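Asks: For reference, this is entry.cif, and it has mmCIF, N, CA, C and O atoms.
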data_data
loop_
_atom_site.label_atom_id
_atom_site.label_comp_id
_atom_site.auth_asym_id
_atom_site.auth_seq_id
_atom_site.Cartn_x
_atom_site.Cartn_y
_atom_site.Cartn_z
N MET E 1 1.09 17.08 -30.70
CA MET E 1 1.63 16.59 -29.47
C MET E 1 0.50 16.05 -28.60
O MET E 1 -0.52 16.68 -28.47
N ALA E 2 0.74 14.94 -28.06
CA ALA E 2 -0.26 14.34 -27.18
C ALA E 2 -0.03 14.85 -25.76
O ALA E 2 1.09 14.92 -25.28
N ALA E 3 -1.13 15.18 -25.13
CA ALA E 3 -1.04 15.64 -23.74
C ALA E 3 -0.79 14.44 -22.84
O ALA E 3 -1.33 13.36 -23.05
N GLU E 4 0.07 14.65 -21.88
CA GLU E 4 0.35 13.56 -20.95
C GLU E 4 -0.83 13.36 -20.02
O GLU E 4 -1.41 14.32 -19.52
N ALA E 5 -1.18 12.12 -19.79
CA ALA E 5 -2.31 11.80 -18.91
C ALA E 5 -1.89 12.01 -17.46
O ALA E 5 -0.78 11.69 -17.07
N ALA E 6 -2.79 12.59 -16.70
CA ALA E 6 -2.53 12.79 -15.27
C ALA E 6 -2.57 11.44 -14.57
O ALA E 6 -3.45 10.63 -14.83
N THR E 7 -1.61 11.20 -13.72
CA THR E 7 -1.59 9.92 -13.00
C THR E 7 -1.88 10.16 -11.53
O THR E 7 -1.56 11.21 -10.97
N THR E 8 -2.50 9.20 -10.92
CA THR E 8 -2.80 9.26 -9.50
C THR E 8 -1.56 8.84 -8.73
O THR E 8 -0.95 7.82 -9.05
N PRO E 9 -1.14 9.64 -7.74
CA PRO E 9 0.05 9.25 -6.97
C PRO E 9 -0.19 7.96 -6.20
O PRO E 9 -1.30 7.68 -5.76
N LYS E 10 0.83 7.18 -6.09
CA LYS E 10 0.75 5.91 -5.36
C LYS E 10 1.58 6.03 -4.09
O LYS E 10 2.45 6.89 -3.97
N VAL E 11 1.32 5.13 -3.15
CA VAL E 11 2.07 5.14 -1.89
C VAL E 11 3.56 4.99 -2.17
O VAL E 11 4.39 5.61 -1.51
N ASP E 12 3.91 4.21 -3.19
CA ASP E 12 5.33 4.00 -3.51
C ASP E 12 6.01 5.30 -3.95
O ASP E 12 7.24 5.40 -3.92
N ASP E 13 5.24 6.28 -4.41
CA ASP E 13 5.81 7.55 -4.84
C ASP E 13 6.30 8.38 -3.66
O ASP E 13 7.04 9.34 -3.83
N PHE E 14 5.85 8.05 -2.46
CA PHE E 14 6.23 8.77 -1.26
C PHE E 14 6.99 7.81 -0.34
O PHE E 14 6.39 7.03 0.37
N PRO E 15 8.32 7.86 -0.35
CA PRO E 15 9.10 6.88 0.43
C PRO E 15 8.76 6.86 1.91
O PRO E 15 8.83 5.83 2.55
N VAL E 16 8.36 8.00 2.47
CA VAL E 16 8.05 8.03 3.90
C VAL E 16 6.83 7.17 4.18
O VAL E 16 6.78 6.41 5.13
N LEU E 17 5.79 7.26 3.31
CA LEU E 17 4.58 6.47 3.51
C LEU E 17 4.82 5.00 3.19
O LEU E 17 4.27 4.12 3.83
N ALA E 18 5.64 4.73 2.19
CA ALA E 18 5.89 3.34 1.79
C ALA E 18 6.68 2.59 2.85
O ALA E 18 6.64 1.37 2.90
N SER E 19 7.40 3.30 3.70
CA SER E 19 8.23 2.63 4.69
C SER E 19 7.46 2.15 5.92
O SER E 19 8.01 1.46 6.75
N PHE E 20 6.19 2.54 6.07
CA PHE E 20 5.41 2.11 7.22
C PHE E 20 5.04 0.64 7.07
O PHE E 20 4.47 0.24 6.06
N PRO E 21 5.33 -0.19 8.07
CA PRO E 21 4.92 -1.59 8.00
C PRO E 21 3.43 -1.75 8.31
O PRO E 21 2.79 -0.83 8.81
N SER E 22 2.92 -2.92 8.01
CA SER E 22 1.54 -3.23 8.37
C SER E 22 1.46 -3.54 9.85
O SER E 22 2.43 -3.98 10.46
N VAL E 23 0.28 -3.31 10.41
CA VAL E 23 0.06 -3.55 11.84
C VAL E 23 -1.12 -4.50 11.98
O VAL E 23 -2.15 -4.34 11.32
N ILE E 24 -0.98 -5.50 12.84
CA ILE E 24 -2.10 -6.40 13.15
C ILE E 24 -2.90 -5.76 14.28
O ILE E 24 -2.37 -5.44 15.33
N VAL E 25 -4.19 -5.56 14.02
CA VAL E 25 -5.09 -4.97 15.01
C VAL E 25 -6.02 -6.08 15.49
O VAL E 25 -6.69 -6.73 14.69
N HIS E 26 -6.04 -6.31 16.80
CA HIS E 26 -6.92 -7.31 17.41
C HIS E 26 -8.09 -6.57 18.05
O HIS E 26 -7.90 -5.82 19.01
N LEU E 27 -9.28 -6.78 17.51
CA LEU E 27 -10.49 -6.10 17.99
C LEU E 27 -11.21 -6.98 19.00
O LEU E 27 -11.56 -8.12 18.70
N ARG E 28 -11.41 -6.46 20.20
CA ARG E 28 -12.06 -7.21 21.27
C ARG E 28 -13.33 -6.49 21.71
O ARG E 28 -13.29 -5.32 22.08
N ALA E 29 -14.43 -7.22 21.73
CA ALA E 29 -15.70 -6.67 22.19
C ALA E 29 -15.68 -6.54 23.71
O ALA E 29 -15.10 -7.37 24.41
N THR E 30 -16.29 -5.48 24.20
CA THR E 30 -16.36 -5.22 25.64
C THR E 30 -17.81 -4.92 25.99
O THR E 30 -18.50 -4.23 25.25
N GLY E 31 -18.25 -5.41 27.13
CA GLY E 31 -19.61 -5.14 27.57
C GLY E 31 -20.64 -5.79 26.66
O GLY E 31 -20.52 -6.96 26.31
N ASP E 32 -21.64 -5.01 26.24
CA ASP E 32 -22.72 -5.54 25.42
C ASP E 32 -22.47 -5.43 23.92
O ASP E 32 -23.37 -5.66 23.12
N ALA E 33 -21.27 -5.11 23.51
CA ALA E 33 -20.95 -4.97 22.08
C ALA E 33 -20.95 -6.32 21.39
O ALA E 33 -20.49 -7.32 21.96
N PRO E 34 -21.47 -6.38 20.17
CA PRO E 34 -21.44 -7.65 19.43
C PRO E 34 -20.01 -8.06 19.08
O PRO E 34 -19.15 -7.22 18.84
N ILE E 35 -19.78 -9.36 19.03
CA ILE E 35 -18.47 -9.90 18.71
C ILE E 35 -18.35 -10.05 17.19
O ILE E 35 -19.27 -10.56 16.55
N LEU E 36 -17.24 -9.63 16.64
CA LEU E 36 -17.00 -9.78 15.20
C LEU E 36 -16.61 -11.22 14.89
O LEU E 36 -15.94 -11.88 15.70
N LYS E 37 -16.98 -11.70 13.71
CA LYS E 37 -16.60 -13.05 13.30
C LYS E 37 -15.09 -13.15 13.12
O LYS E 37 -14.49 -14.16 13.46
N GLN E 38 -14.49 -12.11 12.56
CA GLN E 38 -13.04 -12.06 12.41
C GLN E 38 -12.53 -10.94 13.29
O GLN E 38 -12.92 -9.79 13.13
N ALA E 39 -11.67 -11.26 14.23
CA ALA E 39 -11.24 -10.28 15.23
C ALA E 39 -9.89 -9.65 14.92
O ALA E 39 -9.56 -8.62 15.48
N LYS E 40 -9.09 -10.26 14.05
CA LYS E 40 -7.76 -9.73 13.76
C LYS E 40 -7.70 -9.27 12.31
O LYS E 40 -8.14 -9.99 11.40
N PHE E 41 -7.13 -8.07 12.12
CA PHE E 41 -7.01 -7.49 10.81
C PHE E 41 -5.62 -6.89 10.66
O PHE E 41 -5.02 -6.43 11.63
N LYS E 42 -5.13 -6.85 9.44
CA LYS E 42 -3.84 -6.23 9.16
C LYS E 42 -4.13 -4.95 8.37
O LYS E 42 -4.80 -5.00 7.33
N ILE E 43 -3.64 -3.82 8.88
CA ILE E 43 -3.82 -2.55 8.19
C ILE E 43 -2.48 -1.84 8.08
O ILE E 43 -1.53 -2.16 8.78
N SER E 44 -2.45 -0.87 7.21
CA SER E 44 -1.22 -0.11 7.00
C SER E 44 -0.92 0.76 8.22
O SER E 44 -1.82 1.37 8.78
N GLY E 45 0.33 0.82 8.59
CA GLY E 45 0.73 1.66 9.72
C GLY E 45 0.55 3.14 9.44
O GLY E 45 0.46 3.94 10.36
N SER E 46 0.47 3.52 8.17
CA SER E 46 0.29 4.93 7.82
C SER E 46 -1.16 5.39 7.97
O SER E 46 -1.44 6.58 7.89
N ASP E 47 -2.09 4.45 8.18
CA ASP E 47 -3.50 4.82 8.39
C ASP E 47 -3.68 5.49 9.74
O ASP E 47 -2.97 5.18 10.70
N LYS E 48 -4.64 6.37 9.80
CA LYS E 48 -4.97 7.01 11.08
C LYS E 48 -5.93 6.11 11.84
O LYS E 48 -6.62 5.27 11.27
N PHE E 49 -5.99 6.31 13.15
CA PHE E 49 -6.85 5.48 14.00
C PHE E 49 -8.32 5.62 13.63
O PHE E 49 -9.11 4.72 13.85
N VAL E 50 -8.69 6.75 13.04
CA VAL E 50 -10.07 6.96 12.63
C VAL E 50 -10.51 5.89 11.61
O VAL E 50 -11.70 5.54 11.56
N SER E 51 -9.58 5.32 10.85
CA SER E 51 -9.95 4.27 9.90
C SER E 51 -10.39 3.01 10.64
O SER E 51 -11.28 2.29 10.18
N VAL E 52 -9.80 2.72 11.80
CA VAL E 52 -10.23 1.59 12.62
C VAL E 52 -11.62 1.85 13.17
O VAL E 52 -12.49 0.98 13.15
N ILE E 53 -11.85 3.07 13.64
CA ILE E 53 -13.16 3.44 14.18
C ILE E 53 -14.24 3.35 13.09
O ILE E 53 -15.32 2.77 13.32
N ASP E 54 -13.95 3.88 11.92
CA ASP E 54 -14.93 3.82 10.81
C ASP E 54 -15.21 2.39 10.39
O ASP E 54 -16.36 2.03 10.11
N PHE E 55 -14.18 1.56 10.37
CA PHE E 55 -14.37 0.15 10.03
C PHE E 55 -15.32 -0.52 11.03
O PHE E 55 -16.25 -1.24 10.64
N LEU E 56 -15.09 -0.28 12.31
CA LEU E 56 -15.95 -0.87 13.34
C LEU E 56 -17.38 -0.37 13.21
O LEU E 56 -18.34 -1.14 13.35
N ARG E 57 -17.56 0.91 12.95
CA ARG E 57 -18.92 1.46 12.78
C ARG E 57 -19.65 0.78 11.62
O ARG E 57 -20.83 0.47 11.73
N ARG E 58 -18.94 0.56 10.52
CA ARG E 58 -19.57 -0.11 9.36
C ARG E 58 -19.90 -1.56 9.68
O ARG E 58 -20.97 -2.05 9.32
N GLN E 59 -18.98 -2.26 10.33
CA GLN E 59 -19.20 -3.67 10.63
C GLN E 59 -20.32 -3.90 11.63
O GLN E 59 -21.07 -4.87 11.52
N LEU E 60 -20.43 -3.01 12.61
CA LEU E 60 -21.41 -3.18 13.68
C LEU E 60 -22.71 -2.42 13.42
O LEU E 60 -23.66 -2.54 14.20
N HIS E 61 -22.74 -1.64 12.33
CA HIS E 61 -23.92 -0.84 11.99
C HIS E 61 -24.35 0.05 13.15
O HIS E 61 -25.52 0.13 13.50
N ARG E 62 -23.37 0.71 13.76
CA ARG E 62 -23.62 1.63 14.88
C ARG E 62 -22.88 2.92 14.64
O ARG E 62 -21.76 2.93 14.17
N GLU E 63 -23.53 4.01 14.97
CA GLU E 63 -22.91 5.31 14.81
C GLU E 63 -22.09 5.69 16.04
O GLU E 63 -21.06 6.34 15.95
N THR E 64 -22.55 5.25 17.22
CA THR E 64 -21.86 5.58 18.46
C THR E 64 -21.10 4.37 18.98
O THR E 64 -21.70 3.32 19.23
N LEU E 65 -19.79 4.52 19.08
CA LEU E 65 -18.93 3.47 19.61
C LEU E 65 -17.90 4.09 20.53
O LEU E 65 -17.49 5.23 20.33
N PHE E 66 -17.49 3.34 21.51
CA PHE E 66 -16.41 3.75 22.40
C PHE E 66 -15.25 2.80 22.14
O PHE E 66 -15.41 1.59 22.26
N VAL E 67 -14.12 3.36 21.75
CA VAL E 67 -12.98 2.56 21.31
C VAL E 67 -11.78 2.90 22.19
O VAL E 67 -11.49 4.07 22.43
N TYR E 68 -11.11 1.84 22.67
CA TYR E 68 -10.00 2.00 23.61
C TYR E 68 -8.81 1.17 23.14
O TYR E 68 -8.99 0.14 22.50
N VAL E 69 -7.62 1.58 23.51
CA VAL E 69 -6.42 0.80 23.27
C VAL E 69 -6.01 0.16 24.60
O VAL E 69 -5.91 0.85 25.62
N ASN E 70 -5.82 -1.15 24.58
CA ASN E 70 -5.40 -1.92 25.76
C ASN E 70 -6.31 -1.71 26.97
O ASN E 70 -5.84 -1.67 28.11
N SER E 71 -7.58 -1.53 26.77
CA SER E 71 -8.55 -1.35 27.86
C SER E 71 -8.20 -0.17 28.74
O SER E 71 -8.59 -0.12 29.90
N ALA E 72 -7.46 0.79 28.22
CA ALA E 72 -6.97 1.85 29.08
C ALA E 72 -7.38 3.26 28.66
O ALA E 72 -7.80 4.05 29.49
N PHE E 73 -7.26 3.59 27.39
CA PHE E 73 -7.52 4.97 26.98
C PHE E 73 -8.07 4.99 25.55
O PHE E 73 -7.90 4.05 24.79
N SER E 74 -8.72 6.08 25.24
CA SER E 74 -9.25 6.29 23.90
C SER E 74 -8.33 7.26 23.16
O SER E 74 -8.25 8.43 23.52
N PRO E 75 -7.61 6.78 22.15
CA PRO E 75 -6.65 7.65 21.47
C PRO E 75 -7.33 8.68 20.57
O PRO E 75 -8.49 8.53 20.19
N ASN E 76 -6.58 9.70 20.24
CA ASN E 76 -7.04 10.71 19.29
C ASN E 76 -7.23 10.04 17.93
O ASN E 76 -6.35 9.30 17.48
N PRO E 77 -8.35 10.27 17.25
CA PRO E 77 -8.58 9.64 15.94
C PRO E 77 -7.51 9.99 14.90
O PRO E 77 -7.32 9.26 13.94
N ASP E 78 -6.77 11.09 15.09
CA ASP E 78 -5.74 11.49 14.14
C ASP E 78 -4.40 10.79 14.37
O ASP E 78 -3.46 10.99 13.59
N GLU E 79 -4.28 9.99 15.41
CA GLU E 79 -3.03 9.27 15.69
C GLU E 79 -2.78 8.24 14.59
O GLU E 79 -3.70 7.57 14.12
N LEU E 80 -1.52 8.08 14.21
CA LEU E 80 -1.17 7.04 13.25
C LEU E 80 -1.19 5.68 13.95
O LEU E 80 -0.77 5.57 15.11
N VAL E 81 -1.67 4.67 13.25
CA VAL E 81 -1.75 3.33 13.82
C VAL E 81 -0.36 2.82 14.20
O VAL E 81 -0.18 2.20 15.24
N ILE E 82 0.64 3.13 13.40
CA ILE E 82 2.00 2.66 13.70
C ILE E 82 2.53 3.28 14.99
O ILE E 82 3.23 2.61 15.75
N ASP E 83 2.18 4.54 15.25
CA ASP E 83 2.62 5.17 16.50
C ASP E 83 1.98 4.50 17.71
O ASP E 83 2.63 4.26 18.72
N LEU E 84 0.69 4.19 17.61
CA LEU E 84 0.00 3.50 18.70
C LEU E 84 0.61 2.11 18.91
O LEU E 84 0.83 1.68 20.04
N TYR E 85 0.89 1.43 17.80
CA TYR E 85 1.49 0.10 17.90
C TYR E 85 2.88 0.15 18.55
O TYR E 85 3.20 -0.65 19.42
N ASN E 86 3.69 1.10 18.11
CA ASN E 86 5.05 1.20 18.65
C ASN E 86 5.05 1.50 20.14
O ASN E 86 5.94 1.05 20.87
N ASN E 87 4.07 2.26 20.62
CA ASN E 87 4.04 2.63 22.03
C ASN E 87 3.22 1.69 22.90
O ASN E 87 3.51 1.55 24.09
N PHE E 88 2.19 1.06 22.32
CA PHE E 88 1.26 0.28 23.15
C PHE E 88 1.00 -1.13 22.62
O PHE E 88 0.13 -1.84 23.14
N GLY E 89 1.71 -1.55 21.58
CA GLY E 89 1.52 -2.88 21.02
C GLY E 89 1.95 -3.97 22.00
O GLY E 89 2.90 -3.80 22.77
N ILE E 90 1.23 -5.09 22.00
CA ILE E 90 1.53 -6.22 22.87
C ILE E 90 1.57 -7.48 22.02
O ILE E 90 0.65 -7.74 21.24
N ASP E 91 2.63 -8.28 22.17
CA ASP E 91 2.77 -9.55 21.45
C ASP E 91 2.59 -9.41 19.94
O ASP E 91 1.92 -10.22 19.30
N GLY E 92 3.12 -8.35 19.37
CA GLY E 92 3.07 -8.17 17.93
C GLY E 92 1.76 -7.67 17.36
O GLY E 92 1.54 -7.73 16.15
N LYS E 93 0.87 -7.18 18.21
CA LYS E 93 -0.40 -6.65 17.71
C LYS E 93 -0.87 -5.48 18.57
O LYS E 93 -0.42 -5.30 19.71
N LEU E 94 -1.75 -4.69 18.01
CA LEU E 94 -2.37 -3.58 18.72
C LEU E 94 -3.75 -4.04 19.17
O LEU E 94 -4.60 -4.36 18.33
N VAL E 95 -3.98 -4.10 20.47
CA VAL E 95 -5.27 -4.55 21.00
C VAL E 95 -6.20 -3.35 21.12
O VAL E 95 -5.88 -2.37 21.79
N VAL E 96 -7.35 -3.46 20.45
CA VAL E 96 -8.34 -2.39 20.45
C VAL E 96 -9.65 -2.96 21.01
O VAL E 96 -10.21 -3.90 20.46
N ASN E 97 -10.09 -2.41 22.12
CA ASN E 97 -11.37 -2.80 22.72
C ASN E 97 -12.44 -1.84 22.25
O ASN E 97 -12.19 -0.65 22.12
N TYR E 98 -13.64 -2.36 22.01
CA TYR E 98 -14.76 -1.50 21.59
C TYR E 98 -16.00 -1.86 22.38
O TYR E 98 -16.18 -3.00 22.81
N ALA E 99 -16.82 -0.84 22.61
CA ALA E 99 -18.05 -1.03 23.40
C ALA E 99 -19.13 -0.11 22.85
O ALA E 99 -18.84 0.90 22.19
N CYS E 100 -20.39 -0.46 23.13
CA CYS E 100 -21.52 0.37 22.70
C CYS E 100 -21.86 1.43 23.74
O CYS E 100 -22.54 2.40 23.42
N SER E 101 -21.40 1.25 24.95
CA SER E 101 -21.57 2.26 26.01
C SER E 101 -20.22 2.45 26.67
O SER E 101 -19.33 1.60 26.55
N MET E 102 -20.05 3.55 27.38
CA MET E 102 -18.75 3.85 27.98
C MET E 102 -18.32 2.75 28.93
O MET E 102 -19.04 2.36 29.83
N ALA E 103 -17.11 2.21 28.70
CA ALA E 103 -16.65 1.10 29.51
C ALA E 103 -15.58 1.53 30.50
O ALA E 103 -15.58 1.09 31.64
N TRP E 104 -14.68 2.38 30.09
CA TRP E 104 -13.63 2.89 30.97
C TRP E 104 -13.64 4.40 30.88
O TRP E 104 -13.95 4.96 29.85
N GLY E 105 -13.24 5.06 31.97
CA GLY E 105 -13.27 6.51 32.06
C GLY E 105 -12.42 7.17 31.06
O GLY E 105 -12.45 8.22 30.68
#
Reformat the file's structure so that it appears as structure tokens.

Replies:
Amino acid sequence: MAAEAATTPKVDDFPVLASFPSVIVHLRATGDAPILKQAKFKISGSDKFVSVIDFLRRQLHRETLFVYVNSAFSPNPDELVIDLYNNFGIDGKLVVNYACSMAWG
């Protein structure tokens, strides 16, 4: 008898995760932060906000970043991107401001 090979679960295997739509994230530089060449990205709504923060850190080669939604507040890194979009999205996208020093309280 041949042993069955272990398979890696896919997003499609979990209907709750597969049902999350993609979210357009618009990244805006604030203060002295460098501007990205591409400012809009589409990510899965099931991703946590920490994935946006990590992406920015890699792109800007900085360990310390201040990240805000709609120039107003810094969300918990464990928040789902789709939840932030549903509550604070504007014109079909989630606006995320980033800075190298604290910009808003």

Asks: Run through the PyMOL selection byres (((chain E and resi 70 and name CA) around 8) and name CA) on the given coordinates and return the selected residues as a PyMOL selection string.

Replies: chain E and resi 68-69+71-73+88+94-97

Asks: Convert the output of the PyMOL selection byres (((chain E and resi 78-85 and name CA) around 8) and name CA) on the shown file into explicit residues, formatted as a CSV table (one decimal) with N, CA, C and O atoms, in the coordinates of the input.

Replies:
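So the final result, stored in selection-v1.csv, reads:
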chain,number,residue,atom,x,y,z
E,20,PHE,N,6.2,2.5,6.1
E,20,PHE,CA,5.4,2.1,7.2
E,20,PHE,C,5.0,0.6,7.1
E,20,PHE,O,4.5,0.2,6.1
E,21,PRO,N,5.3,-0.2,8.1
E,21,PRO,CA,4.9,-1.6,8.0
E,21,PRO,C,3.4,-1.8,8.3
E,21,PRO,O,2.8,-0.8,8.8
E,22,SER,N,2.9,-2.9,8.0
E,22,SER,CA,1.5,-3.2,8.4
E,22,SER,C,1.5,-3.5,9.8
E,22,SER,O,2.4,-4.0,10.5
E,23,VAL,N,0.3,-3.3,10.4
E,23,VAL,CA,0.1,-3.6,11.8
E,23,VAL,C,-1.1,-4.5,12.0
E,23,VAL,O,-2.2,-4.3,11.3
E,44,SER,N,-2.4,-0.9,7.2
E,44,SER,CA,-1.2,-0.1,7.0
E,44,SER,C,-0.9,0.8,8.2
E,44,SER,O,-1.8,1.4,8.8
E,45,GLY,N,0.3,0.8,8.6
E,45,GLY,CA,0.7,1.7,9.7
E,45,GLY,C,0.6,3.1,9.4
E,45,GLY,O,0.5,3.9,10.4
E,46,SER,N,0.5,3.5,8.2
E,46,SER,CA,0.3,4.9,7.8
E,46,SER,C,-1.2,5.4,8.0
E,46,SER,O,-1.4,6.6,7.9
E,47,ASP,N,-2.1,4.4,8.2
E,47,ASP,CA,-3.5,4.8,8.4
E,47,ASP,C,-3.7,5.5,9.7
E,47,ASP,O,-3.0,5.2,10.7
E,48,LYS,N,-4.6,6.4,9.8
E,48,LYS,CA,-5.0,7.0,11.1
E,48,LYS,C,-5.9,6.1,11.8
E,48,LYS,O,-6.6,5.3,11.3
E,49,PHE,N,-6.0,6.3,13.2
E,49,PHE,CA,-6.8,5.5,14.0
E,49,PHE,C,-8.3,5.6,13.6
E,49,PHE,O,-9.1,4.7,13.8
E,50,VAL,N,-8.7,6.8,13.0
E,50,VAL,CA,-10.1,7.0,12.6
E,50,VAL,C,-10.5,5.9,11.6
E,50,VAL,O,-11.7,5.5,11.6
E,75,PRO,N,-7.6,6.8,22.2
E,75,PRO,CA,-6.6,7.6,21.5
E,75,PRO,C,-7.3,8.7,20.6
E,75,PRO,O,-8.5,8.5,20.2
E,76,ASN,N,-6.6,9.7,20.2
E,76,ASN,CA,-7.0,10.7,19.3
E,76,ASN,C,-7.2,10.0,17.9
E,76,ASN,O,-6.4,9.3,17.5
E,77,PRO,N,-8.4,10.3,17.2
E,77,PRO,CA,-8.6,9.6,15.9
E,77,PRO,C,-7.5,10.0,14.9
E,77,PRO,O,-7.3,9.3,13.9
E,86,ASN,N,3.7,1.1,18.1
E,86,ASN,CA,5.0,1.2,18.6
E,86,ASN,C,5.0,1.5,20.1
E,86,ASN,O,5.9,1.0,20.9
E,87,ASN,N,4.1,2.3,20.6
E,87,ASN,CA,4.0,2.6,22.0
E,87,ASN,C,3.2,1.7,22.9
E,87,ASN,O,3.5,1.6,24.1
E,88,PHE,N,2.2,1.1,22.3
E,88,PHE,CA,1.3,0.3,23.2
E,88,PHE,C,1.0,-1.1,22.6
E,88,PHE,O,0.1,-1.8,23.1
E,89,GLY,N,1.7,-1.6,21.6
E,89,GLY,CA,1.5,-2.9,21.0
E,89,GLY,C,2.0,-4.0,22.0
E,89,GLY,O,2.9,-3.8,22.8
E,93,LYS,N,0.9,-7.2,18.2
E,93,LYS,CA,-0.4,-6.6,17.7
E,93,LYS,C,-0.9,-5.5,18.6
E,93,LYS,O,-0.4,-5.3,19.7
E,94,LEU,N,-1.8,-4.7,18.0
E,94,LEU,CA,-2.4,-3.6,18.7
E,94,LEU,C,-3.8,-4.0,19.2
E,94,LEU,O,-4.6,-4.4,18.3

Asks: In terms of the shortest atom-to-atom distance over only C-alpha atoms, which of E:Gln59, E:Ile24, E:Val52, E:Phe66 is closest to Lys40 in chain E?

Replies: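 Nearest candidate to Lys40 in chain E out of E:Gln59, E:Ile24, E:Val52, E:Phe66: E:Ile24.
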
Asks: Write down as a PyMOL selection string the residues of range 28-93 of chain E whose backbone DSSP state falls under alpha helix (DSSP H).

Replies: chain E and resi 49-60+81-88

Asks: Taking only C-alpha atoms into account, name the residue in E:Met102, E:Leu27, E:Ile35, E:Ile90 that is nearest to Leu60 in chain E.

Replies: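 Closest to Leu60 in chain E of all the choices is E:Ile35.
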
Asks: Can you list, as number ranges by chain, all residues belonging to chain E that DSSP tags as strand (DSSP E or B)?

Replies: E: 22-29, 40-44, 48, 66-69, 73, 80, 90, 93-99

Asks: What's around Ala103 in chain E at 8 Å? Count only C-alpha atoms, leave out sequence neighbours fewer than 3 positions away in its own chain, and write the answer as a ChimeraX atom specification.

Replies: /E:30-31,66,99

Asks: Separation of atom O of Ile53 in chain E and CA of Gly92 in chain E, in Å?

Replies: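 Those two atoms sit 21.9 Å apart.
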
Asks: Report the distance between CA of Ala29 in chain E and atom N of Cys100 in chain E in Å, rounded to one decimal place.

Replies: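 Those two atoms sit 7.8 Å apart.
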
Asks: Box time for range 67-71 of chain E: axis-aligned, enclosing all its listed atoms, 5 Å extra on each side; report centre and edge lengths in Å to one decimal, as JSON.

Replies:
{"center_x": -9.8, "center_y": 1.1, "center_z": 25.6, "size_x": 18.7, "size_y": 16.0, "size_z": 18.6}

Asks: Looking at all atoms listed in the file, which of E:Arg57, E:Lys42, E:Val67, E:Lys37 is the one that sits closest to Val25 in chain E?

Replies: E:Lys42

Asks: Do you have the CA of Glu63 in chain E-atom O of Leu36 in chain E distance handy?

Replies: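 These atoms are spaced 18.6 Å apart.
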